[in-house]
>>> print(open('target.cif').read())   # mmCIF, C-alpha atoms
data_my_file
#
loop_
_atom_site.label_atom_id
_atom_site.label_comp_id
_atom_site.auth_asym_id
_atom_site.auth_seq_id
_atom_site.Cartn_x
_atom_site.Cartn_y
_atom_site.Cartn_z
CA LEU A 1 0.00 0.00 0.00
CA GLU A 2 2.85 2.37 0.83
CA LYS A 3 4.51 1.69 -2.55
CA THR A 4 1.24 2.45 -4.32
CA GLN A 5 0.88 5.72 -2.41
CA ASN A 6 4.47 6.64 -3.25
CA ILE A 7 3.88 5.95 -6.94
CA ILE A 8 0.67 8.01 -6.92
CA SER A 9 2.43 10.87 -5.08
CA PHE A 10 5.32 10.77 -7.54
CA HIS A 11 2.99 10.80 -10.55
CA ALA A 12 0.90 13.66 -9.15
CA GLY A 13 4.08 15.64 -8.46
CA TYR A 14 5.33 14.97 -11.97
CA LEU A 15 2.06 16.20 -13.51
CA ALA A 16 2.11 19.32 -11.33
CA LEU A 17 5.73 20.03 -12.29
CA ASP A 18 4.87 19.56 -15.96
CA GLU A 19 2.08 22.16 -15.68
CA ILE A 20 4.37 24.59 -13.85
CA LEU A 21 7.11 24.23 -16.47
CA LYS A 22 4.60 24.93 -19.25
CA ARG A 23 3.64 28.21 -17.61
CA ILE A 24 7.04 29.50 -16.45
CA PRO A 25 8.24 30.93 -19.80
CA GLY A 26 5.32 33.35 -19.90
CA TYR A 27 6.02 34.53 -16.39
CA LEU A 28 9.74 34.96 -16.90
CA ASN A 29 9.48 36.75 -20.24
CA PRO A 30 6.14 38.46 -20.90
CA GLN A 31 7.19 39.17 -24.50
CA ASP A 32 7.30 35.43 -25.20
CA ASN A 33 3.80 35.15 -23.77
CA LYS A 34 2.58 37.89 -26.16
CA ALA A 35 4.17 36.09 -29.09
CA SER A 36 2.32 32.87 -28.26
CA LYS A 37 -0.97 34.80 -28.01
CA ASN A 38 -0.32 36.33 -31.42
CA LYS A 39 0.17 32.86 -32.88
CA LYS A 40 -3.22 31.86 -31.51
CA ASP A 41 -4.73 34.86 -33.28
CA ILE A 42 -3.46 33.46 -36.58
CA VAL A 43 -5.07 30.02 -36.25
CA GLN A 44 -8.47 29.51 -34.68
CA TRP A 45 -10.96 26.65 -34.65
CA THR A 46 -14.08 28.37 -35.95
CA ALA A 47 -16.49 25.46 -36.12
CA PRO A 48 -19.55 25.73 -33.87
CA LYS A 49 -18.97 25.02 -30.18
CA ASP A 50 -20.98 21.80 -30.44
CA ALA A 51 -18.57 20.48 -33.10
CA LYS A 52 -16.03 19.23 -30.58
CA ASN A 53 -16.58 15.67 -31.71
CA ASP A 54 -15.74 16.75 -35.27
CA PHE A 55 -12.44 18.11 -34.00
CA VAL A 56 -11.66 14.90 -32.14
CA GLN A 57 -12.58 12.78 -35.18
CA LEU A 58 -10.32 14.90 -37.37
CA VAL A 59 -7.37 14.58 -35.00
CA TYR A 60 -7.90 10.83 -34.60
CA GLY A 61 -8.13 10.42 -38.38
CA LEU A 62 -4.94 12.39 -39.00
CA HIS A 63 -3.11 10.53 -36.26
CA LEU A 64 -4.25 7.07 -37.36
CA ALA A 65 -3.31 7.91 -40.96
CA GLY A 66 0.21 8.62 -39.72
CA PHE A 67 0.08 12.37 -40.43
CA ILE A 68 0.67 13.34 -36.78
CA ASN A 69 3.77 11.93 -35.08
CA ASN A 70 3.85 9.11 -37.63
CA GLY A 71 0.77 7.68 -35.93
CA LYS A 72 2.71 7.19 -32.71
CA GLY A 73 2.15 8.62 -29.28
CA GLU A 74 -0.77 8.80 -26.91
CA ILE A 75 -3.72 10.00 -28.97
CA THR A 76 -5.53 11.51 -25.98
CA LYS A 77 -2.53 13.71 -25.13
CA ILE A 78 -2.14 14.71 -28.78
CA THR A 79 -5.83 15.60 -29.02
CA GLU A 80 -5.69 17.63 -25.81
CA SER A 81 -2.53 19.42 -26.97
CA LEU A 82 -4.11 20.39 -30.29
CA ALA A 83 -7.32 21.41 -28.51
CA ASP A 84 -5.21 23.71 -26.35
CA THR A 85 -3.57 25.15 -29.46
CA PHE A 86 -6.99 25.90 -30.96
CA GLU A 87 -8.37 26.99 -27.57
CA ILE A 88 -11.06 24.31 -27.64
CA GLU A 89 -12.50 23.26 -24.29
CA LEU A 90 -13.12 19.55 -24.80
CA GLY A 91 -14.65 19.00 -21.38
CA LYS A 92 -13.97 16.39 -18.74
CA ASN A 93 -15.69 13.46 -20.48
CA TRP A 94 -14.58 14.10 -24.03
CA GLN A 95 -12.97 10.66 -24.37
CA SER A 96 -16.10 8.77 -23.30
CA ASN A 97 -18.29 10.98 -25.52
CA HIS A 98 -16.02 10.29 -28.48
CA SER A 99 -15.93 6.56 -27.72
CA ALA A 100 -19.72 6.51 -27.44
CA SER A 101 -20.04 8.18 -30.84
CA ILE A 102 -17.80 5.51 -32.38
CA HIS A 103 -19.63 2.60 -30.75
CA LYS A 104 -23.06 3.95 -31.75
CA ALA A 105 -22.03 4.43 -35.38
CA ASN A 106 -22.73 1.93 -38.16
CA LYS A 107 -19.72 -0.02 -39.40
CA ASP A 108 -19.49 2.01 -42.65
CA TYR A 109 -20.00 5.36 -40.93
CA ILE A 110 -17.73 8.16 -42.08
CA PRO A 111 -17.79 11.27 -39.89
CA PRO A 112 -19.31 14.25 -41.71
CA ILE A 113 -16.18 16.33 -41.15
CA PHE A 114 -14.28 14.19 -43.67
CA ASP A 115 -16.97 14.68 -46.30
CA LYS A 116 -16.97 18.45 -45.64
CA ILE A 117 -13.20 18.58 -46.05
CA LYS A 118 -13.37 16.56 -49.26
CA GLU A 119 -16.15 18.76 -50.70
CA ALA A 120 -14.28 21.95 -49.77
CA TYR A 121 -11.08 20.72 -51.39
CA LEU A 122 -12.86 19.63 -54.56
CA LYS A 123 -14.54 23.04 -54.77
CA TYR A 124 -11.18 24.75 -54.29
CA SER A 125 -9.58 22.57 -56.95
CA LYS A 126 -12.46 23.20 -59.37
CA ASN A 127 -12.19 26.96 -58.85
CA LEU A 128 -8.46 26.85 -59.52
CA GLN A 129 -9.04 24.92 -62.73
CA GLN A 130 -11.70 27.42 -63.84
CA GLU A 131 -9.30 30.30 -63.23
CA LYS A 132 -6.63 28.46 -65.19
CA ASP A 133 -9.03 27.83 -68.09
CA LYS A 134 -9.89 31.55 -68.28
CA LYS A 135 -6.26 32.43 -69.03
#
>>> encode(input="target.cif", output="structure tokens")
Amino acid sequence: LEKTQNIISFHAGYLALDEILKRIPGYLNPQDNKASKNKKDIVQWTAPKDAKNDFVQLVYGLHLAGFINNGKGEITKITESLADTFEIELGKNWQSNHSASIHKANKDYIPPIFDKIKEAYLKYSKNLQQEKDKK
């Protein structure tokens, strides 16, 4: 029991230290903090607030396709990191909500976000071709 408590204490301390180290650069050099805020102004997740599952599906798809970290690494940490980058509040139960959406889906289900991306890209490509044909 004592070993288990020591392991839990160590892990909790490690997580706390990790959070502190993430925040220290902004405290030590406020200019660095401003630069990171400016980066967030450049890229924003603008889907509706109820589209969190779309975000998670997109990240999972990219990761499983090997486009993020060669498909390696803990997907939940990657998703949370990208959500932080896009300032998306996933909520406490995001993993179970996402799992539930997968388990409730039919076997051939393709999340709508992938169709939207495909349609948008095809439209973009078509517009480029039309512009090219005009010249």
>>> resolve_selection(input="target.cif", expression="the PyMOL selection byres ((chain A and resi 67-78) around 12)", output="PyMOL selection string")
chain A and resi 56-66+79-85+90+93-96+98-99
>>> residues_around(input="target.cif", residues="Asp50 (chain A)", least_positions_apart="3", cutoff="12 Å", atoms="all atoms listed in the file", output="PyMOL selection string")
chain A and resi 45-47+53-56+88-91+94
>>> axis_aligned_box(input="target.cif", around="region 97-100 of chain A", padding_each_side="6 Å", output="lines of an AutoDock Vina configuration file")
center_x = -17.8
center_y = 8.7
center_z = -27.0
size_x = 15.8
size_y = 16.5
size_z = 15.0
>>> atom_distance(input="target.cif", atom1="CA of Pro48 (chain A)", atom2="CA of Glu87 (chain A)")
12.9 Å
